[in-house]
Every structure is written in C-alpha cells, then in structure tokens.
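Each remark here refers to the structure printed beneath this line.
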Amino acid sequence: MPQFAANLSMLYPELDFLDRFEAAAKDGFKAVEYLFPYAFEAREIAARLKAHGLQQVLFNAPPGDWDGGERGLACLPGREAEFRAGIGKALDYAAALDCPRIHVMAGLLPLGVEPETLHPTYVSQLRWAALEASRQGVDVLIEPINTRDIPRFFLNRQDHAHKVVADVGASNLKVQMDLYHCQIVEGDLAMKLRHYLPTGNVGHIQIAGVPQRHEPDVGELNYPYLFAVLDELGYAGWVGCEYRPRAGMQPGGTSAGLGWLRPYL
C-alpha cells in the first residue's frame, strides 16, 4: 500500500506554515514534504516534526531568486558558485531535519539558448551535488516539470531525466516522478511506471489531479489503478500529495477533500 506524504506548501493553505504540521498529523499523514524550509530555523521545523510524529521526506534546494521568477540554477552556466552554496545550505537543513532526499530544480532555459548547450553544466553540477550529498547519505532528485506550469523549464520528460541520471553516474541521483507533470507532457503513466520503477532510479513520486492540480480523485486520471500498479511493482517509497485543494483557503478544506485517502490509511 502506498505511503503518502502531505505537501505542506500546497495543503492546508489557510493555516500558517508551522501550523500545517499538526493539521497533517491529525489527518493521518505520517510524513511531510514542501518546497522550501529556509524562511524558518531548522530547529523550529524539527520541533514540529518531533511533536507530531512526522518524518521529513523531501524539500527543495534553494532555486535562485524564486520571487524574481527563477526556478533553479543547476543548468545555468555562470551560476555555479551560487548553486553550490545553495546545496550546502540544503544539506545543512537535511541533516537537522533527518531528511533523506533533496530536490534540485533544473532551471529555466534562457531565451535563444539551445537546450543541448546546457547539458554539460547540468551534468557537472549534479555530479558535484550528488557527491556532496553522498557524504551524509542523502539522495539528490531531479524532476521533469511540464512547460504549461513552468514555461521554458529545462527538464520536461522522463526519458531525458533518466538519461541525465545515466550521464551523471551517481548512485544517489534519482528521478522525482510527478505523475501530474508526466500526464500533461507524456501520458501513458502505467507503462511509464512499469518501465522506470524497476530501474531503481525513481526516488520519489508525486500526485495531483489533472488538469487542475486538485485532489487526485478529480480529473482524468484513475489513481486507484495507478496505486495498484505501484503495489504490483513493489514501490516502497513515498508518494507526495502535491496538489491544490478544491476548497482553497476555506477552513478545513484540505481535510474535507481527503476522502480519496481514507482507504489507504
């Protein structure tokens, strides 16, 4: 049976971030993920995790100037020093939160630049990050993201991500397979799962309904079937619930929309 982690960047949006840990635990979640922890001291987050019996399973490394529109630095020539400083910060938080994996966003393709010209920088930076992370037993994840949600994002397809993993050649570099993004870009999800999970190179899975990124019981995907495929394939990792509740900011809206989750708790 899949293990589900609450994505606290999207779920419980009516609550302050630090109060979302308690809400997730009350709804039966045993683990959490989110985009970024850096607005808070690691000890504050660690205290919430401990108080509510939660595991921290994933967060993102610093992405550059997020508010200015940047979505990662890994593929960008000339940003190597900033990227490496961000990885160091992420690994400090991972140690404090006992988190076994960090997601490293690829970045946006600069206008007028061909994607293949960025491949050497991307591979080099990921190889360095994976080596640094390996020193403390942490996996580095890369995630294909659809260009409808993030136009010009460098990494969009599963085959591209797995080629990068092969080119980097680090055992702790894995693919973060978000089924929402994968459906929008590629589809054929069950066969993609059957193809890529047996490689051992998928380190985390995320879900959301398609096309509106609401609960997984809304939209065009048959998630109970896909969860059964995960069981059939013996997937023992976490499934991150990275979706926007239909009820939005309504008090209790996230909890009210968790009927899909009850059979799996």
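By convention in this document, the chains of the structure tokens carry letters A, B, ... by their order, each chain's residues are numbered from 1, and ligands are numbered from 1 in the order they are shown.
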
Please provide the set of residues having any atom within 10 Å of A:Gly252, restricted to only C-alpha atoms, with same-chain residues fewer than 2 positions apart removed, written as JSON, numbers by chain.
{"A": [12, 13, 14, 15, 23, 247, 248, 249, 250, 254, 255, 256, 257]}

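Running DSSP on the backbone and keeping only helix (DSSP H, G or I), the residues of stretch 10-64 of chain A that qualify are Phe17, Leu18, Asp19, Arg20, Phe21, Glu22, Ala23, Ala24, Ala25, Lys26, Ala42, Arg43, Glu44, Ile45, Ala46, Ala47, Arg48, Leu49, Lys50 and Ala51 of chain A.
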
Mind checking which residues fall within 7 Å of stretch 144-153 of chain A, counting only C-alpha atoms, ignoring those fewer than 2 positions away in the same chain, and posting them as a ChimeraX atom specification?
/A:107-109,142,155-158,161,181,184-185

Could you write out the selected residues, including N, CA, C and O atoms, as a PDB file, in the first residue's frame?
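And here is the file that came out, part.pdb:
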```pdb
ATOM      1  N   GLY A 107      16.142  24.621 -13.568  1.00  0.00           N
ATOM      2  CA  GLY A 107      16.239  25.995 -14.029  1.00  0.00           C
ATOM      3  C   GLY A 107      15.517  26.211 -15.345  1.00  0.00           C
ATOM      4  O   GLY A 107      15.074  25.259 -16.003  1.00  0.00           O
ATOM      5  N   LEU A 108      15.397  27.462 -15.739  1.00  0.00           N
ATOM      6  CA  LEU A 108      14.722  27.844 -16.977  1.00  0.00           C
ATOM      7  C   LEU A 108      15.714  27.960 -18.119  1.00  0.00           C
ATOM      8  O   LEU A 108      16.839  28.445 -17.945  1.00  0.00           O
ATOM      9  N   LEU A 109      15.274  27.544 -19.276  1.00  0.00           N
ATOM     10  CA  LEU A 109      16.088  27.661 -20.489  1.00  0.00           C
ATOM     11  C   LEU A 109      16.157  29.132 -20.895  1.00  0.00           C
ATOM     12  O   LEU A 109      15.126  29.754 -21.171  1.00  0.00           O
ATOM     13  N   ILE A 142      16.006  14.894  -9.325  1.00  0.00           N
ATOM     14  CA  ILE A 142      15.678  15.816 -10.407  1.00  0.00           C
ATOM     15  C   ILE A 142      14.275  15.488 -10.901  1.00  0.00           C
ATOM     16  O   ILE A 142      13.880  14.325 -10.946  1.00  0.00           O
ATOM     17  N   LEU A 155      13.930  20.715 -17.891  1.00  0.00           N
ATOM     18  CA  LEU A 155      13.738  19.262 -17.835  1.00  0.00           C
ATOM     19  C   LEU A 155      12.247  18.951 -17.856  1.00  0.00           C
ATOM     20  O   LEU A 155      11.522  19.317 -16.927  1.00  0.00           O
ATOM     21  N   ASN A 156      11.785  18.260 -18.911  1.00  0.00           N
ATOM     22  CA  ASN A 156      10.345  18.057 -19.089  1.00  0.00           C
ATOM     23  C   ASN A 156       9.916  16.603 -19.207  1.00  0.00           C
ATOM     24  O   ASN A 156       8.748  16.289 -18.972  1.00  0.00           O
ATOM     25  N   ARG A 157      10.818  15.704 -19.594  1.00  0.00           N
ATOM     26  CA  ARG A 157      10.427  14.336 -19.923  1.00  0.00           C
ATOM     27  C   ARG A 157      11.174  13.323 -19.060  1.00  0.00           C
ATOM     28  O   ARG A 157      12.324  13.536 -18.651  1.00  0.00           O
ATOM     29  N   GLN A 158      10.506  12.180 -18.859  1.00  0.00           N
ATOM     30  CA  GLN A 158      11.115  11.113 -18.074  1.00  0.00           C
ATOM     31  C   GLN A 158      12.368  10.562 -18.753  1.00  0.00           C
ATOM     32  O   GLN A 158      13.384  10.309 -18.099  1.00  0.00           O
ATOM     33  N   ALA A 161      15.273  12.852 -18.129  1.00  0.00           N
ATOM     34  CA  ALA A 161      15.754  12.769 -16.748  1.00  0.00           C
ATOM     35  C   ALA A 161      16.586  11.508 -16.524  1.00  0.00           C
ATOM     36  O   ALA A 161      17.643  11.547 -15.877  1.00  0.00           O
ATOM     37  N   HIS A 181       2.737  16.094 -13.723  1.00  0.00           N
ATOM     38  CA  HIS A 181       3.543  16.640 -14.807  1.00  0.00           C
ATOM     39  C   HIS A 181       3.697  15.629 -15.942  1.00  0.00           C
ATOM     40  O   HIS A 181       3.638  15.985 -17.123  1.00  0.00           O
ATOM     41  N   ILE A 184       0.632  15.425 -18.236  1.00  0.00           N
ATOM     42  CA  ILE A 184       0.455  16.581 -19.112  1.00  0.00           C
ATOM     43  C   ILE A 184       1.430  16.535 -20.288  1.00  0.00           C
ATOM     44  O   ILE A 184       1.070  16.839 -21.430  1.00  0.00           O
ATOM     45  N   VAL A 185       2.663  16.110 -20.030  1.00  0.00           N
ATOM     46  CA  VAL A 185       3.683  16.118 -21.078  1.00  0.00           C
ATOM     47  C   VAL A 185       3.641  14.858 -21.936  1.00  0.00           C
ATOM     48  O   VAL A 185       3.792  14.919 -23.161  1.00  0.00           O
TER      49      VAL A 185
END
```

If we count only C-alpha atoms, what is near A:Leu73 at a cut-off of 9 Å, once residues fewer than 2 positions away on the same chain are taken out, given as a ChimeraX atom specification?
/A:62-64,70-71,75-77,79-80,82-83,104-108,122

Using all heavy atoms, can you export the residues from the last selection as a CSV table (one decimal), in the first residue's frame?
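File part_15.csv, as written:
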```csv
chain,number,residue,atom,x,y,z
A,62,PRO,N,17.7,25.5,-2.6
A,62,PRO,CA,17.4,26.9,-3.0
A,62,PRO,C,17.4,27.0,-4.5
A,62,PRO,O,18.3,26.5,-5.2
A,62,PRO,CB,18.6,27.7,-2.4
A,62,PRO,CG,19.0,26.9,-1.1
A,62,PRO,CD,18.8,25.5,-1.6
A,63,PRO,N,16.4,27.7,-5.1
A,63,PRO,CA,16.2,27.8,-6.5
A,63,PRO,C,16.7,29.0,-7.2
A,63,PRO,O,16.4,29.2,-8.4
A,63,PRO,CB,14.7,27.7,-6.6
A,63,PRO,CG,14.3,28.6,-5.5
A,63,PRO,CD,15.3,28.3,-4.4
A,64,GLY,N,17.5,29.8,-6.5
A,64,GLY,CA,17.9,31.1,-7.0
A,64,GLY,C,16.8,32.1,-6.5
A,64,GLY,O,16.3,32.0,-5.5
A,70,GLU,N,13.0,32.9,-10.9
A,70,GLU,CA,13.9,31.8,-11.2
A,70,GLU,C,13.4,30.5,-10.6
A,70,GLU,O,12.7,30.4,-9.6
A,70,GLU,CB,15.3,32.1,-10.6
A,70,GLU,CG,16.0,33.2,-11.3
A,70,GLU,CD,17.4,33.4,-10.9
A,70,GLU,OE1,17.7,33.3,-9.7
A,70,GLU,OE2,18.3,33.7,-11.8
A,71,ARG,N,13.7,29.4,-11.3
A,71,ARG,CA,13.2,28.1,-10.9
A,71,ARG,C,14.4,27.0,-10.9
A,71,ARG,O,14.3,26.0,-11.5
A,71,ARG,CB,12.1,27.6,-11.9
A,71,ARG,CG,10.8,28.5,-11.7
A,71,ARG,CD,10.2,28.4,-10.4
A,71,ARG,NE,9.0,29.1,-10.2
A,71,ARG,CZ,8.9,30.3,-9.7
A,71,ARG,NH1,10.0,31.0,-9.3
A,71,ARG,NH2,7.7,30.9,-9.5
A,75,CYS,N,21.3,24.1,-14.3
A,75,CYS,CA,21.7,24.0,-15.7
A,75,CYS,C,22.3,25.3,-16.2
A,75,CYS,O,22.6,25.4,-17.4
A,75,CYS,CB,20.5,23.7,-16.6
A,75,CYS,SG,19.3,25.0,-16.9
A,76,LEU,N,22.5,26.3,-15.4
A,76,LEU,CA,22.8,27.6,-15.8
A,76,LEU,C,24.3,27.9,-15.7
A,76,LEU,O,24.8,28.0,-14.6
A,76,LEU,CB,22.0,28.7,-15.1
A,76,LEU,CG,20.5,28.6,-15.2
A,76,LEU,CD1,19.9,29.7,-14.3
A,76,LEU,CD2,20.0,28.7,-16.6
A,77,PRO,N,25.0,28.1,-16.8
A,77,PRO,CA,26.4,28.4,-16.8
A,77,PRO,C,26.6,29.8,-16.1
A,77,PRO,O,25.8,30.7,-16.3
A,77,PRO,CB,26.9,28.5,-18.2
A,77,PRO,CG,25.9,27.6,-19.0
A,77,PRO,CD,24.6,27.8,-18.2
A,79,ARG,N,26.4,30.3,-12.9
A,79,ARG,CA,25.8,30.4,-11.6
A,79,ARG,C,26.3,29.3,-10.7
A,79,ARG,O,25.7,28.9,-9.7
A,79,ARG,CB,24.3,30.2,-11.7
A,79,ARG,CG,23.6,31.3,-12.7
A,79,ARG,CD,23.7,32.7,-12.1
A,79,ARG,NE,22.9,32.9,-10.9
A,79,ARG,CZ,21.6,33.1,-10.9
A,79,ARG,NH1,20.9,33.2,-12.1
A,79,ARG,NH2,20.9,33.3,-9.8
A,80,GLU,N,27.5,28.7,-11.0
A,80,GLU,CA,28.0,27.5,-10.3
A,80,GLU,C,28.2,27.8,-8.8
A,80,GLU,O,27.8,27.0,-8.0
A,80,GLU,CB,29.2,27.0,-10.9
A,80,GLU,CG,29.0,26.3,-12.3
A,80,GLU,CD,29.1,27.3,-13.5
A,80,GLU,OE1,29.1,28.6,-13.2
A,80,GLU,OE2,29.1,26.9,-14.6
A,82,GLU,N,26.8,30.0,-6.8
A,82,GLU,CA,25.6,30.2,-6.1
A,82,GLU,C,24.9,28.9,-5.9
A,82,GLU,O,24.3,28.6,-4.9
A,82,GLU,CB,24.7,31.2,-6.8
A,82,GLU,CG,23.4,31.6,-6.1
A,82,GLU,CD,22.6,32.6,-6.9
A,82,GLU,OE1,23.1,33.1,-7.9
A,82,GLU,OE2,21.4,32.8,-6.5
A,83,PHE,N,24.9,28.1,-7.0
A,83,PHE,CA,24.3,26.7,-6.9
A,83,PHE,C,24.9,25.9,-5.8
A,83,PHE,O,24.2,25.3,-5.0
A,83,PHE,CB,24.5,26.0,-8.2
A,83,PHE,CG,24.0,24.6,-8.2
A,83,PHE,CD1,22.7,24.2,-8.3
A,83,PHE,CD2,25.0,23.6,-8.1
A,83,PHE,CE1,22.3,22.9,-8.3
A,83,PHE,CE2,24.6,22.2,-8.0
A,83,PHE,CZ,23.3,21.9,-8.2
A,104,VAL,N,16.5,19.1,-6.6
A,104,VAL,CA,17.3,20.2,-7.2
A,104,VAL,C,16.7,20.6,-8.5
A,104,VAL,O,16.7,19.8,-9.5
A,104,VAL,CB,18.8,19.7,-7.4
A,104,VAL,CG1,19.6,20.8,-8.2
A,104,VAL,CG2,19.5,19.4,-6.1
A,105,MET,N,16.1,21.7,-8.5
A,105,MET,CA,15.4,22.2,-9.7
A,105,MET,C,16.4,22.6,-10.8
A,105,MET,O,17.4,23.1,-10.5
A,105,MET,CB,14.5,23.4,-9.4
A,105,MET,CG,13.4,23.1,-8.4
A,105,MET,SD,12.2,24.5,-8.2
A,105,MET,CE,11.3,24.3,-9.7
A,106,ALA,N,16.0,22.2,-12.0
A,106,ALA,CA,17.0,22.4,-13.1
A,106,ALA,C,17.2,23.8,-13.5
A,106,ALA,O,18.3,24.2,-13.8
A,106,ALA,CB,16.5,21.6,-14.4
A,107,GLY,N,16.1,24.6,-13.6
A,107,GLY,CA,16.2,26.0,-14.0
A,107,GLY,C,15.5,26.2,-15.3
A,107,GLY,O,15.1,25.3,-16.0
A,108,LEU,N,15.4,27.5,-15.7
A,108,LEU,CA,14.7,27.8,-17.0
A,108,LEU,C,15.7,28.0,-18.1
A,108,LEU,O,16.8,28.4,-17.9
A,108,LEU,CB,14.0,29.2,-16.8
A,108,LEU,CG,13.0,29.3,-15.6
A,108,LEU,CD1,12.4,30.7,-15.6
A,108,LEU,CD2,11.9,28.2,-15.7
A,122,TYR,N,24.7,21.2,-16.5
A,122,TYR,CA,23.7,20.4,-15.7
A,122,TYR,C,24.3,19.2,-15.2
A,122,TYR,O,24.2,18.9,-13.9
A,122,TYR,CB,22.5,20.1,-16.6
A,122,TYR,CG,21.3,19.6,-15.8
A,122,TYR,CD1,20.9,20.2,-14.7
A,122,TYR,CD2,20.5,18.6,-16.4
A,122,TYR,CE1,19.7,19.8,-14.0
A,122,TYR,CE2,19.4,18.1,-15.7
A,122,TYR,CZ,19.0,18.7,-14.6
A,122,TYR,OH,17.8,18.3,-13.9
```

Which residues are close to A:Ile207, i.e. within 6 Å by only C-alpha atoms, leaving aside same-chain residues fewer than 3 positions away? Reply as a VMD selection string.
chain A and resid 178 to 180 241 to 242

Requested write-out: all heavy atoms of the selected residues, as a PDB file, in the first residue's frame:
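After the write, selection.pdb holds the following:
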```pdb
ATOM      1  N   ASP A 178       6.737  12.972 -10.919  1.00  0.00           N
ATOM      2  CA  ASP A 178       5.459  13.593 -10.596  1.00  0.00           C
ATOM      3  C   ASP A 178       4.455  13.190 -11.672  1.00  0.00           C
ATOM      4  O   ASP A 178       4.599  13.577 -12.838  1.00  0.00           O
ATOM      5  CB  ASP A 178       5.627  15.106 -10.523  1.00  0.00           C
ATOM      6  CG  ASP A 178       4.391  15.814 -10.001  1.00  0.00           C
ATOM      7  OD1 ASP A 178       3.276  15.464 -10.432  1.00  0.00           O
ATOM      8  OD2 ASP A 178       4.543  16.730  -9.166  1.00  0.00           O
ATOM      9  N   LEU A 179       3.453  12.417 -11.279  1.00  0.00           N
ATOM     10  CA  LEU A 179       2.514  11.879 -12.272  1.00  0.00           C
ATOM     11  C   LEU A 179       1.643  12.955 -12.883  1.00  0.00           C
ATOM     12  O   LEU A 179       1.167  12.795 -14.018  1.00  0.00           O
ATOM     13  CB  LEU A 179       1.671  10.776 -11.626  1.00  0.00           C
ATOM     14  CG  LEU A 179       2.464   9.591 -11.068  1.00  0.00           C
ATOM     15  CD1 LEU A 179       1.512   8.502 -10.571  1.00  0.00           C
ATOM     16  CD2 LEU A 179       3.435   9.019 -12.091  1.00  0.00           C
ATOM     17  N   TYR A 180       1.425  14.053 -12.175  1.00  0.00           N
ATOM     18  CA  TYR A 180       0.698  15.196 -12.743  1.00  0.00           C
ATOM     19  C   TYR A 180       1.477  15.772 -13.922  1.00  0.00           C
ATOM     20  O   TYR A 180       0.943  15.927 -15.028  1.00  0.00           O
ATOM     21  CB  TYR A 180       0.484  16.234 -11.646  1.00  0.00           C
ATOM     22  CG  TYR A 180       0.118  17.612 -12.122  1.00  0.00           C
ATOM     23  CD1 TYR A 180      -1.185  17.924 -12.498  1.00  0.00           C
ATOM     24  CD2 TYR A 180       1.071  18.635 -12.172  1.00  0.00           C
ATOM     25  CE1 TYR A 180      -1.527  19.202 -12.925  1.00  0.00           C
ATOM     26  CE2 TYR A 180       0.744  19.908 -12.589  1.00  0.00           C
ATOM     27  CZ  TYR A 180      -0.558  20.187 -12.964  1.00  0.00           C
ATOM     28  OH  TYR A 180      -0.897  21.454 -13.385  1.00  0.00           O
ATOM     29  N   CYS A 241       1.737  14.247  -1.856  1.00  0.00           N
ATOM     30  CA  CYS A 241       0.438  14.801  -2.252  1.00  0.00           C
ATOM     31  C   CYS A 241       0.626  16.291  -2.521  1.00  0.00           C
ATOM     32  O   CYS A 241       0.405  17.143  -1.654  1.00  0.00           O
ATOM     33  CB  CYS A 241      -0.591  14.559  -1.157  1.00  0.00           C
ATOM     34  SG  CYS A 241      -0.780  12.816  -0.745  1.00  0.00           S
ATOM     35  N   GLU A 242       1.051  16.602  -3.742  1.00  0.00           N
ATOM     36  CA  GLU A 242       1.386  17.971  -4.116  1.00  0.00           C
ATOM     37  C   GLU A 242       0.267  18.525  -4.994  1.00  0.00           C
ATOM     38  O   GLU A 242       0.406  18.661  -6.212  1.00  0.00           O
ATOM     39  CB  GLU A 242       2.735  18.013  -4.841  1.00  0.00           C
ATOM     40  CG  GLU A 242       3.258  19.440  -5.001  1.00  0.00           C
ATOM     41  CD  GLU A 242       4.560  19.505  -5.781  1.00  0.00           C
ATOM     42  OE1 GLU A 242       4.721  18.740  -6.757  1.00  0.00           O
ATOM     43  OE2 GLU A 242       5.406  20.323  -5.421  1.00  0.00           O
TER      44      GLU A 242
END
```

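Among the candidate residues A:Leu189, A:Met1, A:Val113, A:Ala129, the one lying nearest to A:Tyr235 is A:Met1, with distances computed using only C-alpha atoms.
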
For a quick check of understanding, using only C-alpha atoms, which of A:Leu261, A:Ala90, A:Met191, A:Leu233 has the smallest distance to A:Glu215?
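The shortest atom-to-atom distance to A:Glu215 comes from A:Leu261.
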
Can you tell me, as number ranges by chain, which residues in stretch 84-195 of chain A count as strand (DSSP E) by DSSP?
A: 101-103, 139-142, 173-178

Kindly save the residues from that selection, with all heavy atoms included, as an mmCIF file, in the first residue's frame.
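The result, written out as result_36.cif:
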```cif
data_model
loop_
_atom_site.group_PDB
_atom_site.id
_atom_site.type_symbol
_atom_site.label_atom_id
_atom_site.label_comp_id
_atom_site.auth_asym_id
_atom_site.auth_seq_id
_atom_site.Cartn_x
_atom_site.Cartn_y
_atom_site.Cartn_z
ATOM 1 N N ARG A 101 16.398 13.088 1.320
ATOM 2 C CA ARG A 101 16.475 13.467 -0.099
ATOM 3 C C ARG A 101 16.159 14.945 -0.274
ATOM 4 O O ARG A 101 15.351 15.518 0.456
ATOM 5 C CB ARG A 101 15.544 12.608 -0.960
ATOM 6 C CG ARG A 101 14.101 12.641 -0.581
ATOM 7 C CD ARG A 101 13.258 11.582 -1.298
ATOM 8 N NE ARG A 101 13.640 10.230 -0.909
ATOM 9 C CZ ARG A 101 13.184 9.628 0.201
ATOM 10 N NH1 ARG A 101 12.365 10.261 1.038
ATOM 11 N NH2 ARG A 101 13.563 8.398 0.491
ATOM 12 N N ILE A 102 16.812 15.557 -1.267
ATOM 13 C CA ILE A 102 16.529 16.934 -1.645
ATOM 14 C C ILE A 102 16.297 16.988 -3.148
ATOM 15 O O ILE A 102 16.934 16.272 -3.916
ATOM 16 C CB ILE A 102 17.658 17.905 -1.234
ATOM 17 C CG1 ILE A 102 18.991 17.504 -1.851
ATOM 18 C CG2 ILE A 102 17.762 17.998 0.281
ATOM 19 C CD1 ILE A 102 20.099 18.534 -1.644
ATOM 20 N N HIS A 103 15.374 17.842 -3.541
ATOM 21 C CA HIS A 103 15.074 18.033 -4.958
ATOM 22 C C HIS A 103 15.849 19.252 -5.456
ATOM 23 O O HIS A 103 15.796 20.331 -4.857
ATOM 24 C CB HIS A 103 13.566 18.243 -5.152
ATOM 25 C CG HIS A 103 13.195 18.720 -6.518
ATOM 26 N ND1 HIS A 103 12.182 19.631 -6.734
ATOM 27 C CD2 HIS A 103 13.703 18.434 -7.744
ATOM 28 C CE1 HIS A 103 12.076 19.868 -8.029
ATOM 29 N NE2 HIS A 103 12.986 19.159 -8.659
ATOM 30 N N ASP A 139 19.995 11.487 -0.906
ATOM 31 C CA ASP A 139 19.766 11.384 -2.339
ATOM 32 C C ASP A 139 19.454 12.762 -2.920
ATOM 33 O O ASP A 139 18.783 13.586 -2.283
ATOM 34 C CB ASP A 139 18.596 10.457 -2.646
ATOM 35 C CG ASP A 139 18.946 8.989 -2.470
ATOM 36 O OD1 ASP A 139 20.141 8.657 -2.354
ATOM 37 O OD2 ASP A 139 18.010 8.164 -2.424
ATOM 38 N N VAL A 140 19.904 12.994 -4.130
ATOM 39 C CA VAL A 140 19.567 14.185 -4.904
ATOM 40 C C VAL A 140 18.553 13.779 -5.966
ATOM 41 O O VAL A 140 18.748 12.779 -6.667
ATOM 42 C CB VAL A 140 20.819 14.792 -5.562
ATOM 43 C CG1 VAL A 140 20.441 15.907 -6.529
ATOM 44 C CG2 VAL A 140 21.780 15.307 -4.491
ATOM 45 N N LEU A 141 17.479 14.550 -6.082
ATOM 46 C CA LEU A 141 16.421 14.232 -7.038
ATOM 47 C C LEU A 141 16.320 15.309 -8.109
ATOM 48 O O LEU A 141 16.507 16.499 -7.829
ATOM 49 C CB LEU A 141 15.067 14.119 -6.328
ATOM 50 C CG LEU A 141 14.949 13.148 -5.157
ATOM 51 C CD1 LEU A 141 13.507 13.098 -4.670
ATOM 52 C CD2 LEU A 141 15.415 11.756 -5.546
ATOM 53 N N ILE A 142 16.006 14.894 -9.325
ATOM 54 C CA ILE A 142 15.678 15.816 -10.407
ATOM 55 C C ILE A 142 14.275 15.488 -10.901
ATOM 56 O O ILE A 142 13.880 14.325 -10.946
ATOM 57 C CB ILE A 142 16.701 15.756 -11.552
ATOM 58 C CG1 ILE A 142 16.821 14.342 -12.132
ATOM 59 C CG2 ILE A 142 18.064 16.250 -11.063
ATOM 60 C CD1 ILE A 142 17.698 14.264 -13.387
ATOM 61 N N LEU A 173 21.776 9.827 -7.259
ATOM 62 C CA LEU A 173 20.978 10.736 -8.083
ATOM 63 C C LEU A 173 19.781 9.966 -8.610
ATOM 64 O O LEU A 173 19.935 8.933 -9.272
ATOM 65 C CB LEU A 173 21.795 11.297 -9.240
ATOM 66 C CG LEU A 173 21.030 12.281 -10.136
ATOM 67 C CD1 LEU A 173 20.709 13.560 -9.393
ATOM 68 C CD2 LEU A 173 21.821 12.584 -11.415
ATOM 69 N N LYS A 174 18.575 10.470 -8.322
ATOM 70 C CA LYS A 174 17.337 9.777 -8.677
ATOM 71 C C LYS A 174 16.374 10.733 -9.383
ATOM 72 O O LYS A 174 16.540 11.951 -9.350
ATOM 73 C CB LYS A 174 16.640 9.236 -7.426
ATOM 74 C CG LYS A 174 17.516 8.383 -6.501
ATOM 75 C CD LYS A 174 17.767 7.005 -7.052
ATOM 76 C CE LYS A 174 18.525 6.137 -6.045
ATOM 77 N NZ LYS A 174 18.792 4.792 -6.592
ATOM 78 N N VAL A 175 15.342 10.158 -9.965
ATOM 79 C CA VAL A 175 14.297 10.935 -10.617
ATOM 80 C C VAL A 175 13.094 11.060 -9.690
ATOM 81 O O VAL A 175 12.651 10.076 -9.086
ATOM 82 C CB VAL A 175 13.869 10.285 -11.947
ATOM 83 C CG1 VAL A 175 12.704 11.050 -12.575
ATOM 84 C CG2 VAL A 175 15.047 10.230 -12.913
ATOM 85 N N GLN A 176 12.611 12.271 -9.573
ATOM 86 C CA GLN A 176 11.359 12.547 -8.861
ATOM 87 C C GLN A 176 10.246 12.518 -9.905
ATOM 88 O O GLN A 176 10.141 13.408 -10.740
ATOM 89 C CB GLN A 176 11.464 13.912 -8.187
ATOM 90 C CG GLN A 176 10.264 14.330 -7.369
ATOM 91 C CD GLN A 176 10.580 15.605 -6.595
ATOM 92 O OE1 GLN A 176 11.649 15.725 -5.984
ATOM 93 N NE2 GLN A 176 9.683 16.570 -6.631
ATOM 94 N N MET A 177 9.415 11.485 -9.850
ATOM 95 C CA MET A 177 8.421 11.248 -10.905
ATOM 96 C C MET A 177 7.073 11.786 -10.445
ATOM 97 O O MET A 177 6.348 11.143 -9.683
ATOM 98 C CB MET A 177 8.336 9.752 -11.212
ATOM 99 C CG MET A 177 7.490 9.419 -12.425
ATOM 100 S SD MET A 177 7.568 7.623 -12.781
ATOM 101 C CE MET A 177 6.657 7.566 -14.327
ATOM 102 N N ASP A 178 6.737 12.972 -10.919
ATOM 103 C CA ASP A 178 5.459 13.593 -10.596
ATOM 104 C C ASP A 178 4.455 13.190 -11.672
ATOM 105 O O ASP A 178 4.599 13.577 -12.838
ATOM 106 C CB ASP A 178 5.627 15.106 -10.523
ATOM 107 C CG ASP A 178 4.391 15.814 -10.001
ATOM 108 O OD1 ASP A 178 3.276 15.464 -10.432
ATOM 109 O OD2 ASP A 178 4.543 16.730 -9.166
#
```

Skip A:Arg213 itself and residues of its chain fewer than 4 positions away, then list as a PDB file with N, CA, C and O atoms, in the first residue's frame all residues within 6 Å of it, counting only C-alpha atoms.
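After the write, part-v2.pdb holds the following:
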```pdb
ATOM      1  N   ALA A 208      -1.234  14.534  -8.284  1.00  0.00           N
ATOM      2  CA  ALA A 208      -2.277  15.559  -8.264  1.00  0.00           C
ATOM      3  C   ALA A 208      -3.243  15.225  -9.381  1.00  0.00           C
ATOM      4  O   ALA A 208      -2.893  14.536 -10.347  1.00  0.00           O
ATOM      5  N   GLY A 209      -4.469  15.716  -9.251  1.00  0.00           N
ATOM      6  CA  GLY A 209      -5.432  15.552 -10.325  1.00  0.00           C
ATOM      7  C   GLY A 209      -5.020  16.360 -11.550  1.00  0.00           C
ATOM      8  O   GLY A 209      -4.374  17.395 -11.443  1.00  0.00           O
ATOM      9  N   TYR A 243      -0.851  18.854  -4.351  1.00  0.00           N
ATOM     10  CA  TYR A 243      -1.991  19.370  -5.100  1.00  0.00           C
ATOM     11  C   TYR A 243      -2.632  20.540  -4.355  1.00  0.00           C
ATOM     12  O   TYR A 243      -2.389  20.747  -3.167  1.00  0.00           O
ATOM     13  N   ARG A 244      -3.441  21.302  -5.099  1.00  0.00           N
ATOM     14  CA  ARG A 244      -4.151  22.442  -4.526  1.00  0.00           C
ATOM     15  C   ARG A 244      -5.572  22.004  -4.170  1.00  0.00           C
ATOM     16  O   ARG A 244      -6.347  21.642  -5.063  1.00  0.00           O
TER      17      ARG A 244
END
```

Would you mind telling me which residue in A:Asp67, A:Trp260, A:Gly253, A:Gln206 lies nearest to A:Pro224 when using only C-alpha atoms?
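Distance minimum relative to A:Pro224 lands on A:Trp260.
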
Go through A:Leu193, A:Ala95, A:Leu111, A:Ile87 one by one, measure the shortest atom-to-atom distance of each to A:Val57 using only C-alpha atoms, and give the residue with the smallest value.
A:Ala95
